[in-house]
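Undergrad: Input file: target-v9.cif. Contents: mmCIF, C-alpha atoms and all ligand atoms.
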data_target
loop_
_atom_site.label_atom_id
_atom_site.label_comp_id
_atom_site.auth_asym_id
_atom_site.auth_seq_id
_atom_site.Cartn_x
_atom_site.Cartn_y
_atom_site.Cartn_z
CA MET A 1 0.00 0.57 36.32
CA PRO A 2 -0.30 -0.19 32.59
CA SER A 3 1.73 -3.06 31.25
CA PHE A 4 3.17 -3.58 27.81
CA LEU A 5 4.64 -6.54 25.97
CA PHE A 6 7.00 -5.96 23.06
CA THR A 7 7.27 -9.05 20.87
CA ALA A 8 10.74 -7.84 19.85
CA PRO A 9 13.01 -4.98 20.92
CA LEU A 10 12.40 -1.76 18.95
CA PRO A 11 14.90 0.86 17.85
CA GLY A 12 14.51 4.35 19.30
CA PRO A 13 12.84 5.64 22.44
CA ALA A 14 9.74 3.39 22.55
CA GLU A 15 10.79 1.15 25.39
CA GLU A 16 12.02 4.03 27.55
CA MET A 17 8.80 6.00 26.94
CA LEU A 18 6.67 3.13 28.16
CA ARG A 19 8.94 2.25 31.10
CA GLU A 20 8.32 5.77 32.41
CA VAL A 21 4.62 5.05 32.82
CA GLY A 22 4.26 1.32 33.22
CA GLU A 23 5.73 -2.14 33.15
CA VAL A 24 7.48 -3.36 30.04
CA GLU A 25 8.44 -6.84 29.01
CA ILE A 26 10.28 -7.82 25.88
CA ALA A 27 9.67 -11.22 24.34
CA HIS A 28 11.70 -12.88 21.63
CA GLY A 29 10.34 -15.05 18.87
CA TYR A 30 6.86 -15.84 20.17
CA GLY A 31 4.88 -18.31 18.05
CA PRO A 32 1.07 -18.37 17.66
CA GLU A 33 0.53 -20.40 20.84
CA GLU A 34 2.59 -18.05 22.99
CA LEU A 35 0.90 -15.00 21.48
CA LYS A 36 -2.51 -16.49 22.26
CA GLU A 37 -1.38 -17.32 25.77
CA VAL A 38 -0.02 -13.85 26.58
CA ALA A 39 -3.02 -12.12 25.00
CA ALA A 40 -5.42 -14.16 27.13
CA SER A 41 -3.35 -13.96 30.32
CA GLY A 42 -4.61 -10.54 31.43
CA ARG A 43 -1.03 -9.56 32.25
CA TYR A 44 -0.69 -6.98 29.47
CA ASP A 45 -2.77 -4.01 28.38
CA VAL A 46 -1.12 -3.68 25.00
CA LEU A 47 0.94 -5.91 22.74
CA ILE A 48 3.53 -4.15 20.59
CA THR A 49 3.83 -6.44 17.59
CA GLN A 50 5.89 -7.06 14.46
CA LEU A 51 4.78 -7.78 10.91
CA SER A 52 5.96 -11.35 11.43
CA ASP A 53 3.54 -11.91 14.36
CA GLN A 54 0.29 -13.45 13.16
CA ILE A 55 -2.42 -11.83 15.30
CA THR A 56 -5.27 -14.06 14.18
CA ALA A 57 -8.88 -14.37 15.30
CA ASP A 58 -7.69 -17.27 17.43
CA VAL A 59 -5.33 -14.93 19.29
CA LEU A 60 -7.89 -12.12 19.55
CA ASP A 61 -11.00 -14.05 20.61
CA GLY A 62 -10.73 -14.22 24.35
CA ALA A 63 -7.79 -11.82 24.49
CA LYS A 64 -7.72 -9.63 27.59
CA ILE A 65 -5.89 -6.71 26.03
CA LYS A 66 -6.92 -3.18 25.10
CA GLY A 67 -4.84 -2.85 22.02
CA VAL A 68 -2.25 -4.01 19.53
CA ALA A 69 0.38 -1.50 18.41
CA ASN A 70 1.88 -2.84 15.18
CA PHE A 71 5.37 -1.73 14.15
CA GLY A 72 4.76 -0.91 10.48
CA VAL A 73 2.32 0.79 8.18
CA GLY A 74 0.92 -2.50 6.86
CA TYR A 75 -1.25 -4.60 9.17
CA ASN A 76 -2.18 -7.62 7.09
CA ASN A 77 -0.66 -9.73 9.90
CA ILE A 78 -3.59 -8.70 12.13
CA ASP A 79 -7.19 -9.83 11.80
CA VAL A 80 -8.56 -6.31 12.24
CA ASP A 81 -12.20 -7.41 11.99
CA SER A 82 -11.71 -9.76 14.94
CA ALA A 83 -9.90 -7.07 16.89
CA THR A 84 -12.80 -4.69 16.29
CA ALA A 85 -15.37 -7.34 17.20
CA ASN A 86 -13.49 -7.92 20.46
CA GLY A 87 -13.25 -4.20 21.24
CA ILE A 88 -9.49 -4.18 20.76
CA PHE A 89 -7.83 -1.19 19.11
CA VAL A 90 -5.15 -1.66 16.46
CA GLY A 91 -2.61 1.06 15.73
CA ASN A 92 0.02 1.36 12.97
CA THR A 93 2.81 3.73 11.92
CA PRO A 94 1.76 5.51 8.70
CA ASP A 95 3.43 8.38 6.81
CA VAL A 96 6.81 8.44 8.55
CA LEU A 97 8.13 5.57 6.47
CA SER A 98 6.90 6.70 3.07
CA ASP A 99 10.17 8.33 1.99
CA ALA A 100 12.36 5.52 3.33
CA SER A 101 10.17 2.90 1.61
CA ALA A 102 10.23 4.79 -1.68
CA ASN A 103 14.01 5.10 -1.35
CA THR A 104 14.14 1.31 -1.14
CA ALA A 105 11.89 0.94 -4.18
CA MET A 106 14.17 3.25 -6.17
CA LEU A 107 17.22 1.36 -4.93
CA LEU A 108 15.69 -1.91 -6.15
CA LEU A 109 14.72 -0.45 -9.52
CA LEU A 110 18.20 0.96 -10.14
CA ALA A 111 19.98 -2.10 -8.79
CA ALA A 112 17.92 -4.54 -10.88
CA ALA A 113 18.19 -2.33 -13.99
CA ARG A 114 21.93 -1.82 -13.71
CA ARG A 115 22.73 -5.36 -12.62
CA ALA A 116 24.28 -4.16 -9.37
CA HIS A 117 24.38 -7.63 -7.91
CA GLU A 118 26.34 -9.09 -10.82
CA GLY A 119 28.68 -6.10 -10.85
CA GLU A 120 29.33 -6.30 -7.14
CA ARG A 121 30.14 -9.98 -7.39
CA LEU A 122 32.48 -9.41 -10.32
CA VAL A 123 34.50 -6.78 -8.46
CA ARG A 124 34.73 -8.81 -5.27
CA SER A 125 35.67 -11.98 -7.13
CA GLY A 126 38.85 -10.38 -8.46
CA GLN A 127 37.69 -11.04 -12.05
CA PHE A 128 37.14 -7.38 -12.97
CA GLN A 129 39.61 -6.58 -15.77
CA GLY A 130 38.86 -2.94 -16.37
CA MET A 131 36.10 -0.97 -18.03
CA THR A 132 34.94 -2.29 -21.37
CA PRO A 133 32.18 -0.83 -23.55
CA GLU A 134 29.86 -3.79 -23.26
CA LEU A 135 30.42 -4.81 -19.67
CA LEU A 136 27.14 -5.41 -17.81
CA LEU A 137 24.84 -3.39 -20.03
CA GLY A 138 21.60 -2.79 -18.21
CA ALA A 139 18.11 -1.43 -18.69
CA ASP A 140 17.30 2.22 -19.36
CA ILE A 141 15.75 4.29 -16.56
CA THR A 142 15.74 7.95 -17.60
CA GLY A 143 13.28 8.52 -20.41
CA THR A 144 11.29 5.38 -19.67
CA ARG A 145 7.78 4.99 -18.30
CA LEU A 146 7.27 3.82 -14.74
CA GLY A 147 3.93 2.27 -13.86
CA ILE A 148 3.02 2.75 -10.21
CA ALA A 149 0.52 0.19 -8.97
CA GLY A 150 -0.99 1.76 -5.86
CA LEU A 151 -0.76 5.52 -5.51
CA GLY A 152 -0.99 5.95 -1.74
CA ARG A 153 1.57 7.77 0.33
CA ILE A 154 4.43 5.47 -0.61
CA GLY A 155 3.39 5.30 -4.27
CA LYS A 156 3.37 9.09 -4.40
CA ALA A 157 6.82 9.28 -2.81
CA MET A 158 8.01 6.83 -5.47
CA ALA A 159 6.43 8.95 -8.21
CA ARG A 160 8.38 12.02 -7.03
CA ARG A 161 11.61 10.09 -7.14
CA ALA A 162 10.88 8.67 -10.60
CA LEU A 163 10.11 12.17 -11.92
CA GLY A 164 13.45 13.30 -10.48
CA PHE A 165 15.12 10.54 -12.48
CA GLY A 166 13.50 11.81 -15.67
CA MET A 167 10.94 9.04 -15.91
CA GLU A 168 7.39 9.39 -17.15
CA VAL A 169 4.97 8.23 -14.46
CA VAL A 170 1.63 6.51 -14.97
CA PHE A 171 -0.43 4.99 -12.19
CA VAL A 172 -3.47 3.08 -11.09
CA GLN A 173 -4.51 4.16 -7.63
CA ARG A 174 -5.92 0.88 -6.31
CA PRO A 175 -5.36 -1.88 -8.84
CA PRO A 176 -6.90 -4.05 -10.14
CA HIS A 177 -9.72 -1.46 -9.96
CA ASP A 178 -9.48 1.76 -11.94
CA ARG A 179 -10.60 4.57 -9.71
CA GLU A 180 -10.65 8.17 -10.88
CA VAL A 181 -8.28 10.32 -8.80
CA SER A 182 -8.86 14.08 -8.67
CA ASP A 183 -6.16 16.71 -9.02
CA ASP A 184 -6.87 17.61 -5.40
CA GLU A 185 -5.93 14.12 -4.29
CA LEU A 186 -2.84 14.22 -6.49
CA GLY A 187 -1.69 17.44 -4.84
CA ASP A 188 1.84 18.34 -5.94
CA LEU A 189 1.74 15.51 -8.49
CA ALA A 190 -1.24 16.93 -10.42
CA GLY A 191 -0.33 17.39 -14.06
CA LYS A 192 2.89 15.43 -13.60
CA VAL A 193 1.59 11.87 -13.44
CA GLU A 194 -0.99 10.23 -15.65
CA GLN A 195 -3.79 7.95 -14.60
CA VAL A 196 -4.22 4.93 -16.91
CA SER A 197 -6.21 1.71 -16.82
CA TRP A 198 -4.73 -1.37 -15.20
CA ASP A 199 -4.46 -3.01 -18.63
CA GLU A 200 -2.63 -0.03 -20.04
CA LEU A 201 -0.29 0.15 -17.07
CA LEU A 202 0.68 -3.51 -17.44
CA GLU A 203 1.17 -3.34 -21.18
CA THR A 204 2.82 0.05 -21.70
CA SER A 205 5.01 0.55 -18.65
CA ASP A 206 8.73 0.03 -19.12
CA HIS A 207 9.02 -0.80 -15.43
CA ILE A 208 6.43 -1.40 -12.69
CA SER A 209 6.63 -0.71 -8.96
CA LEU A 210 4.06 -2.12 -6.53
CA HIS A 211 2.71 0.00 -3.65
CA VAL A 212 -0.60 -1.62 -2.71
CA PRO A 213 -1.57 -2.99 0.69
CA LEU A 214 -2.14 -6.76 0.83
CA THR A 215 -5.88 -7.45 0.71
CA PRO A 216 -7.96 -10.24 -0.88
CA ASP A 217 -8.13 -7.96 -3.97
CA THR A 218 -4.38 -7.58 -4.32
CA LYS A 219 -3.26 -11.13 -3.55
CA HIS A 220 -1.45 -12.31 -6.71
CA LEU A 221 -2.22 -8.99 -8.38
CA ILE A 222 0.81 -9.95 -10.50
CA GLY A 223 0.55 -13.55 -11.67
CA ALA A 224 1.45 -15.47 -14.81
CA ASP A 225 -1.22 -13.65 -16.88
CA GLU A 226 -0.01 -10.20 -15.86
CA LEU A 227 3.65 -11.09 -16.35
CA VAL A 228 3.14 -12.11 -19.99
CA ARG A 229 1.39 -8.83 -20.65
CA MET A 230 4.33 -6.82 -19.37
CA LYS A 231 7.15 -5.76 -21.67
CA SER A 232 9.92 -8.32 -22.02
CA THR A 233 12.33 -5.53 -21.02
CA ALA A 234 10.36 -4.65 -17.89
CA ILE A 235 11.67 -4.63 -14.35
CA LEU A 236 9.22 -5.43 -11.57
CA VAL A 237 9.80 -3.88 -8.15
CA ASN A 238 8.01 -5.07 -5.03
CA THR A 239 8.40 -3.27 -1.71
CA ALA A 240 4.74 -3.81 -0.75
CA ARG A 241 3.93 -7.35 0.38
CA GLY A 242 5.20 -10.63 -1.00
CA PRO A 243 1.83 -12.27 -1.72
CA VAL A 244 0.93 -9.40 -4.09
CA VAL A 245 3.11 -11.32 -6.57
CA ASP A 246 2.75 -15.00 -7.45
CA GLU A 247 6.40 -15.67 -6.69
CA GLN A 248 6.65 -19.04 -8.42
CA ALA A 249 5.15 -17.50 -11.58
CA LEU A 250 7.68 -14.69 -11.27
CA VAL A 251 10.57 -17.16 -11.09
CA THR A 252 9.30 -18.82 -14.28
CA ALA A 253 8.93 -15.45 -16.01
CA LEU A 254 12.42 -14.33 -15.01
CA ARG A 255 13.91 -17.61 -16.11
CA ASN A 256 12.16 -17.53 -19.49
CA GLY A 257 12.83 -13.88 -20.23
CA THR A 258 9.14 -13.00 -20.05
CA ILE A 259 10.32 -9.94 -18.14
CA GLU A 260 13.89 -8.73 -17.73
CA ALA A 261 14.48 -8.48 -14.00
CA ALA A 262 12.94 -7.99 -10.57
CA GLY A 263 13.88 -6.10 -7.43
CA LEU A 264 12.22 -7.52 -4.31
CA ASP A 265 12.21 -6.45 -0.67
CA VAL A 266 9.32 -8.75 0.29
CA PHE A 267 8.54 -12.40 -0.40
CA GLU A 268 5.44 -14.48 -0.63
CA ASN A 269 6.39 -16.84 2.22
CA GLU A 270 8.82 -14.69 4.11
CA PRO A 271 11.52 -15.53 5.08
CA ASP A 272 11.42 -18.47 2.62
CA LEU A 273 11.99 -17.89 -1.08
CA ALA A 274 10.23 -19.58 -3.99
CA ASP A 275 12.26 -22.40 -5.52
CA GLY A 276 14.87 -21.04 -7.88
CA LEU A 277 14.52 -17.37 -6.96
CA ALA A 278 17.83 -17.11 -5.12
CA GLU A 279 19.72 -18.61 -8.09
CA LEU A 280 18.43 -16.16 -10.69
CA PRO A 281 21.02 -13.56 -11.72
CA ASN A 282 18.35 -11.10 -12.88
CA THR A 283 17.02 -10.36 -9.41
CA PHE A 284 18.09 -7.99 -6.69
CA LEU A 285 16.84 -9.19 -3.31
CA LEU A 286 16.64 -7.40 0.03
CA PRO A 287 15.43 -8.76 3.41
CA HIS A 288 12.31 -6.58 4.00
CA ILE A 289 14.24 -3.46 4.98
CA GLY A 290 11.94 -0.99 3.21
CA SER A 291 11.69 1.42 6.11
CA ALA A 292 15.04 0.64 7.73
CA GLU A 293 16.50 4.14 7.89
CA ARG A 294 17.58 4.93 11.45
CA SER A 295 15.44 7.96 12.18
CA THR A 296 12.43 6.42 10.39
CA ARG A 297 12.60 3.31 12.51
CA ALA A 298 13.08 5.36 15.69
CA ARG A 299 10.01 7.43 14.85
CA MET A 300 8.02 4.26 14.06
CA GLY A 301 8.92 2.96 17.52
CA GLU A 302 7.89 6.25 19.07
CA MET A 303 4.53 6.09 17.26
CA CYS A 304 4.02 2.55 18.55
CA ALA A 305 4.67 3.81 22.06
CA GLU A 306 2.24 6.72 21.56
CA ASN A 307 -0.38 4.29 20.28
CA ALA A 308 0.27 1.87 23.14
CA LEU A 309 0.04 4.56 25.77
CA ALA A 310 -3.29 5.90 24.53
CA MET A 311 -4.77 2.40 24.24
CA ALA A 312 -3.57 1.41 27.72
CA ARG A 313 -5.39 4.47 29.06
CA GLY A 314 -8.58 3.37 27.34
CA GLY A 315 -8.41 5.99 24.61
CA VAL A 316 -8.24 6.00 20.81
CA PRO A 317 -4.65 5.61 19.57
CA PRO A 318 -3.28 8.62 17.66
CA TYR A 319 -2.64 6.39 14.61
CA PRO A 320 -5.67 4.09 14.62
CA VAL A 321 -6.51 1.34 12.15
CA ASN A 322 -9.96 0.63 13.62
CA ARG A 323 -11.12 3.89 15.14
CA GLU A 324 -14.67 2.46 15.21
CA VAL A 325 -13.81 0.49 18.37
CA ALA A 326 -14.44 3.80 20.22
CA ARG A 327 -18.19 3.75 19.53
C1 LIG A 401 6.64 -2.55 6.28
O1 LIG A 401 6.57 -3.47 5.54
C2 LIG A 401 5.51 -1.87 6.86
O2 LIG A 401 4.35 -2.23 6.60
O3 LIG A 401 5.76 -0.94 7.63
C1 LIG A 402 1.02 3.62 2.88
O1 LIG A 402 1.48 4.40 3.70
C2 LIG A 402 0.51 4.06 1.60
O2 LIG A 402 -0.58 4.66 1.62
O3 LIG A 402 1.18 3.87 0.59
#
Would you write out, as C-alpha cells, the structure that this file holds?

TA:
Amino acid sequence: MPSFLFTAPLPGPAEEMLREVGEVEIAHGYGPEELKEVAASGRYDVLITQLSDQITADVLDGAKIKGVANFGVGYNNIDVDSATANGIFVGNTPDVLSDASANTAMLLLLAAARRAHEGERLVRSGQFQGMTPELLLGADITGTRLGIAGLGRIGKAMARRALGFGMEVVFVQRPPHDREVSDDELGDLAGKVEQVSWDELLETSDHISLHVPLTPDTKHLIGADELVRMKSTAILVNTARGPVVDEQALVTALRNGTIEAAGLDVFENEPDLADGLAELPNTFLLPHIGSAERSTRARMGEMCAENALAMARGGVPPYPVNREVAR
C-alpha cells in the first residue's frame, strides 16, 4: 500500500484522495533534520511539501522516496538536480494559480498606488474627517506604462489585467536576458504588449511587476543599481520570490524616495522582513498569499495528490518538474 507524508494539511480533497488508496500522515512544522529523517526512513513513497520546506541535496541523497509533490508552482525550495540524480520525481502545480497570483499582483499595485494601507488606518483610527480634495493623493494607474519582468503564465495573466485597467504594457520575457518572443508565443496578447530591452523596461516603466522564477540569474534582479534607474514615481510589485529583490536596498530606496512605493507578497528571508520595511508607510505588504483563492488552493491540492499518486505507482507525475527521471 503506498504511503504519503504531508508536511502540512492541504485545503481541498488531496488528503481524502490519497487516503482512498494508501496511508497518509500529516506532519506539522518539520525542520531540515526531520525532513532528512523521514525521507531516509523508507516509510513514505512520496512527500507532499510546502514552499517553506527546504528539500536540499542533504535531504535527497540517501532518501528512500519515489517523489516529492510540491504545493506551488515555484520549486526553488527543492534541489531538483539532486532529486533527478537520485531518481526522485518532483511535481508542482502550474497554471491553476496564474489568475489568482495575477489578481494578487494587481491588488498590490492598486493598494500601493492608492495608499490603501494609510487610508485603512485613517478610517479605523477615527481620525477621518470627511472627503477633502487632497486627502491621500496617490499614483496614477490608468494611462501609465506597466513593465512586466517575466512573461510566463502569471506575467501574461497580469498583462491582461493591466490592459483592462487601461495601462500600456511592456515586458521582458526572462530578465535580465532579452529574448525575442514570437507572436505565436504571445497568443492573445500579440499586438497588445510590447517587448523592450531590460534597460528600457527599468527606465521607462511607470510601474514594474515581477513574475520571474527564482534562479541564480534572477537573484537580486532588482538591486540598488536597478532601483536608481527606475522612475522616482514608480511602484514595484513582487509576487514572485523575495530574493528576486535586494530587500535592504529596497528599504533604502523607499526611504529616500528613489522610488515611490512597493507592494510585496514575498520577502527575501520569509517570514522575516528586512530592517525598517515594516515601518515604511509607502509599502503594502501581504503574507505570501498569491494563490490563496479557495478553489485555486483546492485544485493545487488535488494536483499534488494526482502527482503523488502517479509517483507512488512508479510513474511520471502529470505535472512533472524533472520528467527526465523516467529515462
Ligand atoms: C507560490 O508562491 C507558488 O510558487 O505557488
Ligand atoms: C508560472 O506559472 C509562470 O510561468 O509564470

Undergrad: Write out as a ChimeraX atom specification each polymer residue (protein, DNA or RNA) that has an atom no more than 6 Å from ligand LIG 401 (chain A), with all atoms listed in the file counted.

TA: /A:72-74

Undergrad: Please measure the separation of atom CA of A:Ser41 and atom CA of A:Pro317, giving the value in Å to one decimal.

TA: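 So the two atoms, atom CA of A:Ser41 and atom CA of A:Pro317, lie 22.4 Å apart.
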
Undergrad: Find the residue from A:Asp184, A:Asp99, A:Glu23, A:Glu168 that sits nearest to A:Thr204; use only C-alpha atoms when measuring.

TA: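 Under the stated criterion, the closest residue is A:Glu168.
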
Undergrad: Work out how far apart atom CA of A:Ile222 and atom CA of A:Arg297 are and give it in Å to one decimal.

TA: 29.1 Å

Undergrad: Restricting the calculation to all atoms listed in the file, which member of A:Arg114, A:Arg145, A:Arg121, A:Arg241 is positioned closest to ligand LIG 402 (chain A)?

TA: A:Arg241

Undergrad: Kindly provide, as a list in words, the polymer residues lying within 10 Å of (7.3, -5.7, -18.0), counting only C-alpha atoms and using the coordinates exactly as they appear in the file.

TA: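 Residues found, by chain and rising number: Gly147, Leu201, Leu202, Glu203, Thr204, Ser205, Asp206, His207, Ile208, Glu226, Leu227, Val228, Arg229, Met230, Lys231, Ser232, Thr233, Ala234, Ile235, Leu236, Thr258, Ile259, Glu260, Ala261 and Ala262 of chain A.
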
Undergrad: Could you list, as an MDAnalysis selection string, all residues that come within 6 Å of ligand LIG 402 (chain A)? Count all atoms listed in the file.

TA: chainID A and resid 73 94:95 98 152:155 211

Undergrad: Just to be explicit: take each residue in the selection above, keep C-alpha atoms, and write the result as an mmCIF file, in the frame of the given file.

TA:
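Resulting contents of selection14.cif:
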data_model
loop_
_atom_site.group_PDB
_atom_site.id
_atom_site.type_symbol
_atom_site.label_atom_id
_atom_site.label_comp_id
_atom_site.auth_asym_id
_atom_site.auth_seq_id
_atom_site.Cartn_x
_atom_site.Cartn_y
_atom_site.Cartn_z
ATOM 1 C CA VAL A 73 2.320 0.790 8.180
ATOM 2 C CA PRO A 94 1.760 5.510 8.700
ATOM 3 C CA ASP A 95 3.430 8.380 6.810
ATOM 4 C CA SER A 98 6.900 6.700 3.070
ATOM 5 C CA GLY A 152 -0.990 5.950 -1.740
ATOM 6 C CA ARG A 153 1.570 7.770 0.330
ATOM 7 C CA ILE A 154 4.430 5.470 -0.610
ATOM 8 C CA GLY A 155 3.390 5.300 -4.270
ATOM 9 C CA HIS A 211 2.710 0.000 -3.650
#

Undergrad: Using all atoms listed in the file, which of the listed residues (A:Tyr30, A:Trp198, A:Phe128, A:Phe165) sits closest to A:Gly143?

TA: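 Counting all atoms listed in the file, the residue closest to A:Gly143 is A:Phe165.
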
Undergrad: Show me, as JSON, the centre and edge lengths in Å to one decimal of the axis-aligned box that covers every listed atom of stretch 219-237 of chain A with 4 Å on each side.

TA:
{"center_x": 4.5, "center_y": -9.7, "center_z": -12.8, "size_x": 23.6, "size_y": 19.6, "size_z": 26.5}

Undergrad: Hey, can you check how far atom CA of A:Ser197 sits from atom CA of A:Val172?

TA: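 Atom-to-atom, atom CA of A:Ser197 and atom CA of A:Val172 are spaced 6.5 Å apart.
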
Undergrad: Taking all atoms listed in the file into account, name the residue in A:Phe89, A:Leu51, A:Pro11, A:Thr144 that is nearest to A:Glu270.

TA: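 Looking only at the distances to A:Glu270, the closest residue turns out to be A:Leu51.
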
Undergrad: Can you tell me, as a list of chain:residue names, what residues are no more than 12 Å from A:Glu25 when counting only C-alpha atoms, ignoring any on the same chain fewer than 2 positions away?

TA: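 Listed by chain and then number, they are A:Pro2, A:Ser3, A:Phe4, A:Leu5, A:Phe6, A:Thr7, A:Ala8, A:Pro9, A:Leu10, A:Glu15, A:Glu16, A:Leu18, A:Arg19, A:Gly22, A:Glu23, A:Ala27, A:His28, A:Val38, A:Arg43, A:Tyr44, A:Asp45, A:Val46, A:Leu47, A:Ile48.
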
Undergrad: Go through A:Glu20, A:Asp140, A:Glu180, A:Asp188 one by one, measure the shortest atom-to-atom distance of each to A:Arg160 using all atoms listed in the file, and give the residue with the smallest value.

TA: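 Between A:Glu20, A:Asp140, A:Glu180, A:Asp188, the residue approaching A:Arg160 most closely is A:Asp188.
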